[in-house]
file upload.txt (compact mmCIF, C-alpha atoms)
# COMPACT_ATOMS: atom_id res chain seq x y z
CA MET A 1479 0.00 0.00 0.00
CA SER A 1480 1.50 3.31 -1.05
CA ALA A 1481 1.69 6.37 1.14
CA ASP A 1482 -0.67 8.36 -1.08
CA THR A 1483 -3.60 6.13 -0.02
CA SER A 1484 -3.35 7.43 3.55
CA PRO A 1485 -6.19 9.66 4.74
CA LYS A 1486 -5.42 13.36 4.69
CA ASN A 1487 -7.84 14.76 7.24
CA LEU A 1488 -8.49 12.23 9.97
CA ASP A 1489 -7.84 14.46 13.01
CA ALA A 1490 -6.38 11.43 14.78
CA ASN A 1491 -4.45 13.22 17.49
CA PRO A 1492 -3.88 16.66 18.88
CA PRO A 1493 -0.38 18.00 18.16
CA VAL A 1494 2.20 15.63 19.60
CA ASP A 1495 4.49 17.27 22.13
CA GLY A 1496 6.13 14.19 23.62
CA SER A 1497 4.35 14.64 26.93
CA GLU A 1498 3.29 11.65 29.01
CA LEU A 1499 0.05 10.22 27.68
CA ILE A 1500 -0.28 6.94 29.60
CA ARG A 1501 0.92 6.31 33.14
CA PHE A 1502 0.69 3.12 35.19
CA ASP A 1503 1.55 3.78 38.83
CA LYS A 1504 2.16 0.69 40.99
CA VAL A 1505 -0.63 -1.23 39.26
CA THR A 1506 -1.31 -4.71 40.59
CA LYS A 1507 -3.77 -7.14 39.03
CA ARG A 1508 -4.59 -10.59 40.34
CA PHE A 1509 -6.76 -13.37 39.02
CA GLY A 1510 -7.35 -15.53 42.04
CA SER A 1511 -3.97 -16.29 43.54
CA ASN A 1512 -2.19 -15.51 40.28
CA VAL A 1513 -0.48 -12.09 40.29
CA VAL A 1514 -0.60 -11.02 36.65
CA LEU A 1515 0.77 -7.49 37.15
CA ASP A 1516 3.02 -6.82 40.12
CA GLU A 1517 3.15 -3.12 41.11
CA LEU A 1518 3.74 -2.17 37.50
CA ASP A 1519 5.18 1.26 36.74
CA PHE A 1520 5.53 2.44 33.16
CA SER A 1521 4.58 5.29 30.86
CA VAL A 1522 4.07 6.03 27.18
CA ALA A 1523 4.70 9.45 25.63
CA SER A 1524 2.31 10.97 23.11
CA GLY A 1525 2.96 10.00 19.51
CA LYS A 1526 5.26 7.11 20.43
CA HIS A 1527 4.94 3.47 19.43
CA VAL A 1528 5.65 1.06 22.26
CA THR A 1529 5.66 -2.71 21.87
CA LEU A 1530 5.27 -5.18 24.72
CA ILE A 1531 6.99 -8.52 24.27
CA GLY A 1532 7.38 -11.53 26.52
CA PRO A 1533 6.03 -15.02 27.12
CA SER A 1534 2.33 -15.81 27.26
CA GLY A 1535 0.91 -15.08 30.71
CA SER A 1536 3.41 -12.33 31.49
CA GLY A 1537 0.71 -9.64 31.75
CA LYS A 1538 0.93 -7.91 28.37
CA THR A 1539 -2.68 -8.29 27.25
CA THR A 1540 -3.90 -7.46 30.76
CA ILE A 1541 -2.35 -4.00 30.34
CA LEU A 1542 -4.46 -3.41 27.24
CA ARG A 1543 -7.59 -4.75 28.91
CA LEU A 1544 -7.02 -2.41 31.86
CA LEU A 1545 -6.74 0.55 29.50
CA MET A 1546 -10.02 -0.46 27.84
CA THR A 1547 -11.57 -0.91 31.33
CA LEU A 1548 -12.47 -4.49 30.44
CA THR A 1549 -10.98 -5.31 33.83
CA SER A 1550 -9.95 -3.16 36.80
CA PRO A 1551 -6.70 -2.92 38.79
CA ASP A 1552 -6.66 -4.36 42.29
CA SER A 1553 -4.39 -1.54 43.40
CA GLY A 1554 -2.48 1.36 41.90
CA SER A 1555 -3.74 3.88 39.36
CA ILE A 1556 -3.78 4.52 35.62
CA LYS A 1557 -3.80 7.93 33.96
CA VAL A 1558 -4.58 8.75 30.32
CA ASN A 1559 -3.75 12.25 29.10
CA GLY A 1560 -3.46 13.43 32.70
CA ASP A 1561 -6.85 12.06 33.80
CA TYR A 1562 -7.34 9.10 36.08
CA LEU A 1563 -8.96 6.26 34.17
CA THR A 1564 -10.73 4.19 36.83
CA HIS A 1565 -10.57 6.75 39.65
CA GLU A 1566 -11.64 10.36 40.09
CA GLN A 1567 -11.15 13.12 42.62
CA ARG A 1568 -14.10 13.78 44.94
CA ASN A 1569 -13.84 16.11 47.91
CA GLY A 1570 -10.07 15.92 47.75
CA LYS A 1571 -10.01 12.11 47.76
CA LEU A 1572 -9.29 9.57 45.04
CA VAL A 1573 -12.30 7.26 44.71
CA PRO A 1574 -13.51 4.69 42.15
CA ALA A 1575 -14.76 6.50 39.07
CA GLY A 1576 -18.35 6.51 37.88
CA ASP A 1577 -19.35 5.21 34.47
CA LYS A 1578 -19.60 8.70 32.95
CA HIS A 1579 -16.03 9.58 33.94
CA ILE A 1580 -14.69 6.26 32.65
CA ARG A 1581 -16.48 6.66 29.30
CA GLU A 1582 -15.12 10.17 28.88
CA VAL A 1583 -11.50 9.14 29.45
CA ARG A 1584 -11.79 5.85 27.55
CA LYS A 1585 -13.16 7.48 24.40
CA ASN A 1586 -9.59 8.58 23.62
CA ILE A 1587 -8.54 4.94 23.34
CA GLY A 1588 -9.18 2.50 20.48
CA MET A 1589 -8.37 -1.19 20.41
CA VAL A 1590 -7.97 -3.86 17.77
CA PHE A 1591 -8.45 -7.33 19.23
CA GLN A 1592 -7.13 -10.78 18.31
CA GLN A 1593 -10.62 -11.70 17.14
CA PHE A 1594 -12.23 -9.22 14.79
CA ASN A 1595 -15.42 -8.66 16.84
CA LEU A 1596 -17.34 -7.20 13.90
CA PHE A 1597 -21.13 -7.07 14.03
CA PRO A 1598 -22.16 -9.91 11.69
CA ASN A 1599 -25.60 -8.42 10.98
CA MET A 1600 -24.18 -5.07 9.82
CA LYS A 1601 -22.51 -4.29 6.53
CA VAL A 1602 -18.91 -3.09 6.59
CA LEU A 1603 -19.80 0.59 6.33
CA ARG A 1604 -22.19 0.48 9.26
CA ASN A 1605 -19.73 -1.53 11.35
CA ILE A 1606 -17.45 1.50 11.10
CA THR A 1607 -20.04 4.28 11.42
CA GLU A 1608 -22.13 2.89 14.29
CA ALA A 1609 -19.91 4.02 17.17
CA PRO A 1610 -18.97 7.46 15.78
CA VAL A 1611 -22.67 8.25 15.35
CA THR A 1612 -23.89 6.87 18.68
CA VAL A 1613 -20.87 7.72 20.88
CA LEU A 1614 -19.25 10.76 19.26
CA GLY A 1615 -22.47 12.25 17.93
CA LEU A 1616 -21.28 12.55 14.33
CA SER A 1617 -23.90 12.95 11.64
CA LYS A 1618 -24.49 9.92 9.45
CA ASP A 1619 -23.03 11.73 6.42
CA GLU A 1620 -19.89 12.79 8.30
CA ALA A 1621 -19.40 9.32 9.75
CA GLU A 1622 -19.83 7.69 6.35
CA GLU A 1623 -17.40 10.08 4.67
CA ARG A 1624 -14.80 9.27 7.30
CA ALA A 1625 -15.50 5.54 7.08
CA ARG A 1626 -15.00 5.56 3.31
CA GLU A 1627 -11.67 7.37 3.71
CA LEU A 1628 -10.55 4.78 6.22
CA LEU A 1629 -11.69 1.87 4.06
CA ASP A 1630 -9.70 3.34 1.16
CA MET A 1631 -6.71 3.57 3.49
CA VAL A 1632 -6.89 -0.12 4.43
CA GLY A 1633 -7.49 -1.19 0.83
CA LEU A 1634 -11.19 -2.06 1.15
CA GLY A 1635 -12.91 0.91 -0.43
CA ASP A 1636 -14.94 -1.40 -2.66
CA ARG A 1637 -16.32 -3.57 0.19
CA CYS A 1638 -18.60 -1.04 1.94
CA ASP A 1639 -21.71 -3.11 1.26
CA ALA A 1640 -20.27 -6.51 2.15
CA TYR A 1641 -21.14 -8.37 5.32
CA PRO A 1642 -18.24 -9.58 7.52
CA THR A 1643 -18.92 -13.22 6.57
CA GLN A 1644 -18.22 -12.29 2.95
CA LEU A 1645 -14.68 -11.15 3.82
CA SER A 1646 -11.49 -13.07 4.47
CA GLY A 1647 -9.97 -13.00 7.94
CA GLY A 1648 -7.38 -10.47 6.84
CA GLN A 1649 -10.05 -8.23 5.35
CA GLN A 1650 -12.12 -8.45 8.52
CA GLN A 1651 -9.14 -7.41 10.61
CA ARG A 1652 -8.52 -4.45 8.32
CA VAL A 1653 -12.15 -3.42 8.80
CA ALA A 1654 -11.59 -3.73 12.57
CA ILE A 1655 -8.58 -1.41 12.28
CA ALA A 1656 -10.65 1.11 10.31
CA ARG A 1657 -13.40 0.88 12.93
CA ALA A 1658 -10.96 1.66 15.73
CA LEU A 1659 -9.53 4.64 13.83
CA ALA A 1660 -13.02 5.99 13.12
CA MET A 1661 -13.29 6.95 16.79
CA ARG A 1662 -10.36 9.38 16.41
CA PRO A 1663 -8.37 7.78 19.23
CA GLN A 1664 -5.31 9.34 20.76
CA VAL A 1665 -4.14 5.82 21.62
CA LEU A 1666 -4.44 2.69 19.50
CA LEU A 1667 -4.06 -0.62 21.33
CA LEU A 1668 -3.11 -3.67 19.27
CA ASP A 1669 -3.53 -7.09 20.86
CA GLU A 1670 -1.88 -9.82 18.80
CA VAL A 1671 -3.88 -8.62 15.82
CA THR A 1672 -2.49 -11.26 13.44
CA SER A 1673 -2.68 -14.29 15.74
CA ALA A 1674 -6.06 -15.45 14.37
CA LEU A 1675 -5.05 -15.07 10.73
CA ASP A 1676 -3.79 -17.61 8.25
CA PRO A 1677 -0.07 -16.98 7.58
CA GLU A 1678 -0.64 -15.68 4.05
CA LEU A 1679 -2.96 -12.94 5.37
CA VAL A 1680 -0.61 -11.59 8.04
CA ALA A 1681 1.57 -9.44 5.80
CA GLY A 1682 -1.32 -7.35 4.46
CA VAL A 1683 -2.57 -6.45 7.94
CA LEU A 1684 0.92 -5.60 9.17
CA ASP A 1685 1.46 -3.38 6.12
CA VAL A 1686 -1.68 -1.41 7.03
CA LEU A 1687 -0.41 -0.92 10.57
CA ARG A 1688 3.02 0.13 9.33
CA ASP A 1689 1.34 2.81 7.20
CA ILE A 1690 -0.64 4.05 10.21
CA ALA A 1691 2.53 4.20 12.31
CA ARG A 1692 4.36 6.11 9.58
CA THR A 1693 1.67 8.56 8.48
CA THR A 1694 -0.28 9.48 11.63
CA ASP A 1695 0.52 10.83 15.09
CA ILE A 1696 -1.49 8.16 16.89
CA THR A 1697 0.18 6.73 19.97
CA MET A 1698 0.41 2.96 19.64
CA LEU A 1699 0.72 0.31 22.34
CA CYS A 1700 1.22 -3.07 20.76
CA VAL A 1701 1.34 -6.67 22.02
CA THR A 1702 2.78 -8.94 19.36
CA HIS A 1703 4.94 -11.96 18.64
CA GLU A 1704 5.74 -10.54 15.19
CA MET A 1705 9.25 -9.42 16.06
CA ASN A 1706 10.12 -7.96 12.65
CA PHE A 1707 7.00 -5.82 12.84
CA ALA A 1708 7.95 -4.72 16.37
CA ARG A 1709 11.42 -3.78 15.15
CA ASP A 1710 9.96 -1.77 12.26
CA ILE A 1711 7.36 0.33 14.06
CA SER A 1712 8.55 0.69 17.65
CA ASP A 1713 10.19 3.62 19.35
CA ARG A 1714 10.58 1.50 22.49
CA VAL A 1715 10.28 -2.19 23.30
CA LEU A 1716 9.44 -3.50 26.78
CA MET A 1717 10.21 -7.06 27.84
CA PHE A 1718 7.72 -8.47 30.34
CA ASP A 1719 8.11 -11.44 32.62
CA ALA A 1720 5.96 -12.41 35.61
CA GLY A 1721 4.02 -9.14 35.57
CA ARG A 1722 6.99 -6.80 35.54
CA VAL A 1723 9.09 -4.95 32.97
CA ILE A 1724 12.49 -6.56 33.21
CA GLU A 1725 14.14 -4.64 30.37
CA SER A 1726 13.32 -1.85 27.94
CA GLY A 1727 15.07 0.02 25.19
CA SER A 1728 15.14 0.89 21.51
CA PRO A 1729 14.41 -1.89 19.01
CA ASP A 1730 18.07 -1.95 17.96
CA LYS A 1731 19.21 -2.46 21.53
CA MET A 1732 16.54 -4.96 22.50
CA PHE A 1733 16.85 -7.16 19.41
CA THR A 1734 20.61 -7.05 18.95
CA GLU A 1735 22.10 -6.50 22.43
CA PRO A 1736 19.56 -7.38 25.15
CA GLU A 1737 21.07 -7.21 28.62
CA HIS A 1738 18.77 -9.54 30.57
CA GLU A 1739 19.23 -13.30 30.25
CA ARG A 1740 15.45 -13.82 30.23
CA THR A 1741 15.17 -11.45 27.25
CA ARG A 1742 17.87 -13.32 25.39
CA GLU A 1743 16.12 -16.64 26.08
CA PHE A 1744 12.78 -15.33 24.88
CA LEU A 1745 14.15 -13.76 21.70
CA SER A 1746 16.18 -16.85 20.81
CA ALA A 1747 12.92 -18.83 20.96
CA VAL A 1748 10.84 -16.49 18.78
CA LEU A 1749 13.30 -15.07 16.26

call {"tool": "encode", "arguments": {"input": "upload.txt", "output": "structure tokens"}}
result
Amino acid sequence: MSADTSPKNLDANPPVDGSELIRFDKVTKRFGSNVVLDELDFSVASGKHVTLIGPSGSGKTTILRLLMTLTSPDSGSIKVNGDYLTHEQRNGKLVPAGDKHIREVRKNIGMVFQQFNLFPNMKVLRNITEAPVTVLGLSKDEAEERARELLDMVGLGDRCDAYPTQLSGGQQQRVAIARALAMRPQVLLLDEVTSALDPELVAGVLDVLRDIARTTDITMLCVTHEMNFARDISDRVLMFDAGRVIESGSPDKMFTEPEHERTREFLSAVL
């Protein structure tokens, strides 16, 4: 996909100034007796692309689910763009946030899941326009214009009237990417977005994401086992093990000269 297919007026992000956009402060998450995140501290700056790597069960996807408020931290706090995500200030105290506060902060975040999660009873165009109309309050015409731009960007401009079942897995995932972008997120979360695809479909989806990384200012937080993709798009790579960041650095450093033995073991198994 060439650069000239990228949308020209998507208003994806406010101007990027490198300020802190996401902050996890001593976040702990347990499932039963299993500590998935152990007093996790980390941050992501606006406009940056950060990839989380590590073995299955190390807590990577839980971070994305916390940001989408699909689950809640047991302790610690999360901020997005300076606002607490699951807490709010009341009478000088930090208390669990109400639904309205959570929705307001979360609307700046979009996510593309492992499974495509498209509405099977809706055509492609409506799959993309439904949330911008109902959540953002866009007019139907404005939402459809934006959706068509995004479908052109992901190479599916001619499939507006198709149902998801009429698309290949790779095409469905590209529609899911367009749907996430239609909400004008500041942050795009990517959770193993190629893991459910046949191998021959993976490259096309990764090419779309590379174009988004190159041509927009959207902040990206990515969980993937596609190490070449991580090397291509990342500003920073974080290695997770047992719910903690054990090493972080630039892609060149992490993939060529990792310092931690656990990182070297993991990379030798997946590269």

call {"tool": "atom_distance", "arguments": {"input": "upload.txt", "atom1": "atom CA of Leu1749 of chain A", "atom2": "atom CA of Gly1647 of chain A"}}
result
24.8 Å

call {"tool": "atom_distance", "arguments": {"input": "upload.txt", "atom1": "atom CA of Ser1553 of chain A", "atom2": "atom CA of Leu1530 of chain A"}}
result
21.3 Å

call {"tool": "closest_residue", "arguments": {"input": "upload.txt", "among": "A:Asp1503, A:Glu1566, A:Glu1739, A:Glu1670", "to": "Asp1519 of chain A", "atoms": "all atoms listed in the file"}}
result
A:Asp1503

call {"tool": "closest_residue", "arguments": {"input": "upload.txt", "among": "A:Phe1744, A:Tyr1562, A:Phe1733, A:Phe1502", "to": "Ser1521 of chain A", "atoms": "all atoms listed in the file"}}
result
A:Phe1502

call {"tool": "residues_around", "arguments": {"input": "upload.txt", "residues": "Asn1605 of chain A", "least_positions_apart": "4", "cutoff": "8 Å", "atoms": "all atoms listed in the file", "output": "PyMOL selection string"}}
result
chain A and resi 1596-1597+1600-1601+1657

call {"tool": "atom_distance", "arguments": {"input": "upload.txt", "atom1": "atom CA of Val1613 of chain A", "atom2": "atom CA of Glu1627 of chain A"}}
result
19.5 Å

call {"tool": "axis_aligned_box", "arguments": {"input": "upload.txt", "around": "segment 1676-1686 of chain A", "padding_each_side": "4 Å", "output": "lines of an AutoDock Vina configuration file"}}
result
center_x = -1.1
center_y = -9.5
center_z = 6.6
size_x = 13.4
size_y = 24.2
size_z = 13.1

call {"tool": "closest_residue", "arguments": {"input": "upload.txt", "among": "A:Arg1662, A:Ala1720, A:Arg1714, A:Asn1559", "to": "Met1732 of chain A", "atoms": "only C-alpha atoms"}}
result
A:Arg1714

call {"tool": "closest_atom_pairs", "arguments": {"input": "upload.txt", "of": "segment 1545-1654 of chain A", "to": "segment 1692-1708 of chain A", "cutoff": "10 Å", "atoms": "all atoms listed in the file", "output": "JSON lines"}}
result
{"residue": "A:Ile1587", "atom": "CA", "partner": "A:Thr1697", "partner_atom": "CA", "distance": 9.5}
{"residue": "A:Gly1588", "atom": "CA", "partner": "A:Met1698", "partner_atom": "CA", "distance": 9.6}
{"residue": "A:Met1589", "atom": "CA", "partner": "A:Leu1699", "partner_atom": "CA", "distance": 9.4}
{"residue": "A:Val1590", "atom": "CA", "partner": "A:Cys1700", "partner_atom": "CA", "distance": 9.7}

call {"tool": "residues_around", "arguments": {"input": "upload.txt", "residues": "Gly1648 of chain A", "least_positions_apart": "4", "cutoff": "12 Å", "atoms": "all atoms listed in the file", "output": "PyMOL selection string"}}
result
chain A and resi 1592-1594+1632-1634+1642-1644+1652-1655+1671-1686

call {"tool": "closest_residue", "arguments": {"input": "upload.txt", "among": "A:Ala1523, A:Leu1499, A:Ile1580, A:Ile1531", "to": "Pro1729 of chain A", "atoms": "only C-alpha atoms"}}
result
A:Ile1531

call {"tool": "residues_around", "arguments": {"input": "upload.txt", "residues": "Lys1507 of chain A", "least_positions_apart": "2", "cutoff": "12 Å", "atoms": "all atoms listed in the file", "output": "PyMOL selection string"}}
result
chain A and resi 1502+1504-1505+1509-1518+1536-1541+1543-1544+1549-1555+1720-1722

call {"tool": "closest_residue", "arguments": {"input": "upload.txt", "among": "A:Gly1525, A:Gly1576, A:Gly1615, A:Pro1736", "to": "Asp1713 of chain A", "atoms": "all atoms listed in the file"}}
result
A:Gly1525

call {"tool": "residues_around", "arguments": {"input": "upload.txt", "residues": "Gln1567 of chain A", "least_positions_apart": "6", "cutoff": "12 Å", "atoms": "all atoms listed in the file", "output": "PyMOL selection string"}}
result
chain A and resi 1561+1573-1576+1579

call {"tool": "closest_residue", "arguments": {"input": "upload.txt", "among": "A:Phe1520, A:Ala1747, A:Ile1500, A:Ala1691", "to": "Val1723 of chain A", "atoms": "all atoms listed in the file"}}
result
A:Phe1520

call {"tool": "build_atoms", "arguments": {"input": "upload.txt", "residues": "segment 1669-1698 of chain A", "atoms": "N, CA and C atoms", "output": "PDB file, in the coordinates of the input"}}
result
ATOM      1  N   ASP A1669      -3.710  -5.869  20.084  1.00  0.00           N
ATOM      2  CA  ASP A1669      -3.530  -7.090  20.860  1.00  0.00           C
ATOM      3  C   ASP A1669      -3.385  -8.292  19.949  1.00  0.00           C
ATOM      4  N   GLU A1670      -2.140  -8.635  19.618  1.00  0.00           N
ATOM      5  CA  GLU A1670      -1.880  -9.820  18.800  1.00  0.00           C
ATOM      6  C   GLU A1670      -2.820  -9.872  17.600  1.00  0.00           C
ATOM      7  N   VAL A1671      -2.830  -8.781  16.824  1.00  0.00           N
ATOM      8  CA  VAL A1671      -3.880  -8.620  15.820  1.00  0.00           C
ATOM      9  C   VAL A1671      -3.758  -9.589  14.654  1.00  0.00           C
ATOM     10  N   THR A1672      -2.635 -10.290  14.540  1.00  0.00           N
ATOM     11  CA  THR A1672      -2.490 -11.260  13.440  1.00  0.00           C
ATOM     12  C   THR A1672      -2.566 -12.691  13.924  1.00  0.00           C
ATOM     13  N   SER A1673      -2.778 -12.914  15.211  1.00  0.00           N
ATOM     14  CA  SER A1673      -2.680 -14.290  15.740  1.00  0.00           C
ATOM     15  C   SER A1673      -3.797 -15.193  15.237  1.00  0.00           C
ATOM     16  N   ALA A1674      -4.946 -14.628  14.851  1.00  0.00           N
ATOM     17  CA  ALA A1674      -6.060 -15.450  14.370  1.00  0.00           C
ATOM     18  C   ALA A1674      -6.082 -15.593  12.858  1.00  0.00           C
ATOM     19  N   LEU A1675      -5.061 -15.074  12.192  1.00  0.00           N
ATOM     20  CA  LEU A1675      -5.050 -15.070  10.730  1.00  0.00           C
ATOM     21  C   LEU A1675      -4.225 -16.214  10.167  1.00  0.00           C
ATOM     22  N   ASP A1676      -4.634 -16.686   8.980  1.00  0.00           N
ATOM     23  CA  ASP A1676      -3.790 -17.610   8.250  1.00  0.00           C
ATOM     24  C   ASP A1676      -2.493 -16.892   7.867  1.00  0.00           C
ATOM     25  N   PRO A1677      -1.367 -17.625   7.820  1.00  0.00           N
ATOM     26  CA  PRO A1677      -0.070 -16.980   7.580  1.00  0.00           C
ATOM     27  C   PRO A1677      -0.026 -16.082   6.350  1.00  0.00           C
ATOM     28  N   GLU A1678      -0.729 -16.475   5.277  1.00  0.00           N
ATOM     29  CA  GLU A1678      -0.640 -15.680   4.050  1.00  0.00           C
ATOM     30  C   GLU A1678      -1.390 -14.352   4.159  1.00  0.00           C
ATOM     31  N   LEU A1679      -2.205 -14.183   5.201  1.00  0.00           N
ATOM     32  CA  LEU A1679      -2.960 -12.940   5.370  1.00  0.00           C
ATOM     33  C   LEU A1679      -2.269 -11.949   6.313  1.00  0.00           C
ATOM     34  N   VAL A1680      -1.245 -12.415   7.007  1.00  0.00           N
ATOM     35  CA  VAL A1680      -0.610 -11.590   8.040  1.00  0.00           C
ATOM     36  C   VAL A1680       0.065 -10.356   7.447  1.00  0.00           C
ATOM     37  N   ALA A1681       0.778 -10.526   6.345  1.00  0.00           N
ATOM     38  CA  ALA A1681       1.570  -9.440   5.800  1.00  0.00           C
ATOM     39  C   ALA A1681       0.718  -8.224   5.440  1.00  0.00           C
ATOM     40  N   GLY A1682      -0.471  -8.469   4.854  1.00  0.00           N
ATOM     41  CA  GLY A1682      -1.320  -7.350   4.460  1.00  0.00           C
ATOM     42  C   GLY A1682      -1.778  -6.523   5.638  1.00  0.00           C
ATOM     43  N   VAL A1683      -2.136  -7.181   6.741  1.00  0.00           N
ATOM     44  CA  VAL A1683      -2.570  -6.450   7.940  1.00  0.00           C
ATOM     45  C   VAL A1683      -1.404  -5.675   8.534  1.00  0.00           C
ATOM     46  N   LEU A1684      -0.233  -6.292   8.605  1.00  0.00           N
ATOM     47  CA  LEU A1684       0.920  -5.600   9.170  1.00  0.00           C
ATOM     48  C   LEU A1684       1.328  -4.402   8.312  1.00  0.00           C
ATOM     49  N   ASP A1685       1.160  -4.513   6.992  1.00  0.00           N
ATOM     50  CA  ASP A1685       1.460  -3.380   6.120  1.00  0.00           C
ATOM     51  C   ASP A1685       0.545  -2.193   6.411  1.00  0.00           C
ATOM     52  N   VAL A1686      -0.735  -2.473   6.672  1.00  0.00           N
ATOM     53  CA  VAL A1686      -1.680  -1.410   7.030  1.00  0.00           C
ATOM     54  C   VAL A1686      -1.213  -0.716   8.305  1.00  0.00           C
ATOM     55  N   LEU A1687      -0.834  -1.497   9.295  1.00  0.00           N
ATOM     56  CA  LEU A1687      -0.410  -0.920  10.570  1.00  0.00           C
ATOM     57  C   LEU A1687       0.899  -0.147  10.431  1.00  0.00           C
ATOM     58  N   ARG A1688       1.796  -0.623   9.576  1.00  0.00           N
ATOM     59  CA  ARG A1688       3.020   0.130   9.330  1.00  0.00           C
ATOM     60  C   ARG A1688       2.700   1.499   8.724  1.00  0.00           C
ATOM     61  N   ASP A1689       1.739   1.535   7.793  1.00  0.00           N
ATOM     62  CA  ASP A1689       1.340   2.810   7.200  1.00  0.00           C
ATOM     63  C   ASP A1689       0.760   3.751   8.249  1.00  0.00           C
ATOM     64  N   ILE A1690      -0.065   3.222   9.150  1.00  0.00           N
ATOM     65  CA  ILE A1690      -0.640   4.050  10.210  1.00  0.00           C
ATOM     66  C   ILE A1690       0.465   4.603  11.097  1.00  0.00           C
ATOM     67  N   ALA A1691       1.415   3.755  11.458  1.00  0.00           N
ATOM     68  CA  ALA A1691       2.530   4.200  12.310  1.00  0.00           C
ATOM     69  C   ALA A1691       3.344   5.290  11.624  1.00  0.00           C
ATOM     70  N   ARG A1692       3.506   5.171  10.311  1.00  0.00           N
ATOM     71  CA  ARG A1692       4.360   6.110   9.580  1.00  0.00           C
ATOM     72  C   ARG A1692       3.656   7.423   9.263  1.00  0.00           C
ATOM     73  N   THR A1693       2.340   7.393   9.045  1.00  0.00           N
ATOM     74  CA  THR A1693       1.670   8.560   8.480  1.00  0.00           C
ATOM     75  C   THR A1693       0.720   9.278   9.432  1.00  0.00           C
ATOM     76  N   THR A1694       0.577   8.786  10.658  1.00  0.00           N
ATOM     77  CA  THR A1694      -0.280   9.480  11.630  1.00  0.00           C
ATOM     78  C   THR A1694       0.503   9.731  12.910  1.00  0.00           C
ATOM     79  N   ASP A1695      -0.086  10.535  13.789  1.00  0.00           N
ATOM     80  CA  ASP A1695       0.520  10.830  15.090  1.00  0.00           C
ATOM     81  C   ASP A1695      -0.102  10.007  16.213  1.00  0.00           C
ATOM     82  N   ILE A1696      -0.831   8.966  15.868  1.00  0.00           N
ATOM     83  CA  ILE A1696      -1.490   8.160  16.890  1.00  0.00           C
ATOM     84  C   ILE A1696      -0.447   7.437  17.737  1.00  0.00           C
ATOM     85  N   THR A1697      -0.643   7.486  19.033  1.00  0.00           N
ATOM     86  CA  THR A1697       0.180   6.730  19.970  1.00  0.00           C
ATOM     87  C   THR A1697      -0.240   5.276  19.896  1.00  0.00           C
ATOM     88  N   MET A1698       0.735   4.372  19.805  1.00  0.00           N
ATOM     89  CA  MET A1698       0.410   2.960  19.640  1.00  0.00           C
ATOM     90  C   MET A1698       1.045   2.147  20.764  1.00  0.00           C
TER      91      MET A1698
END
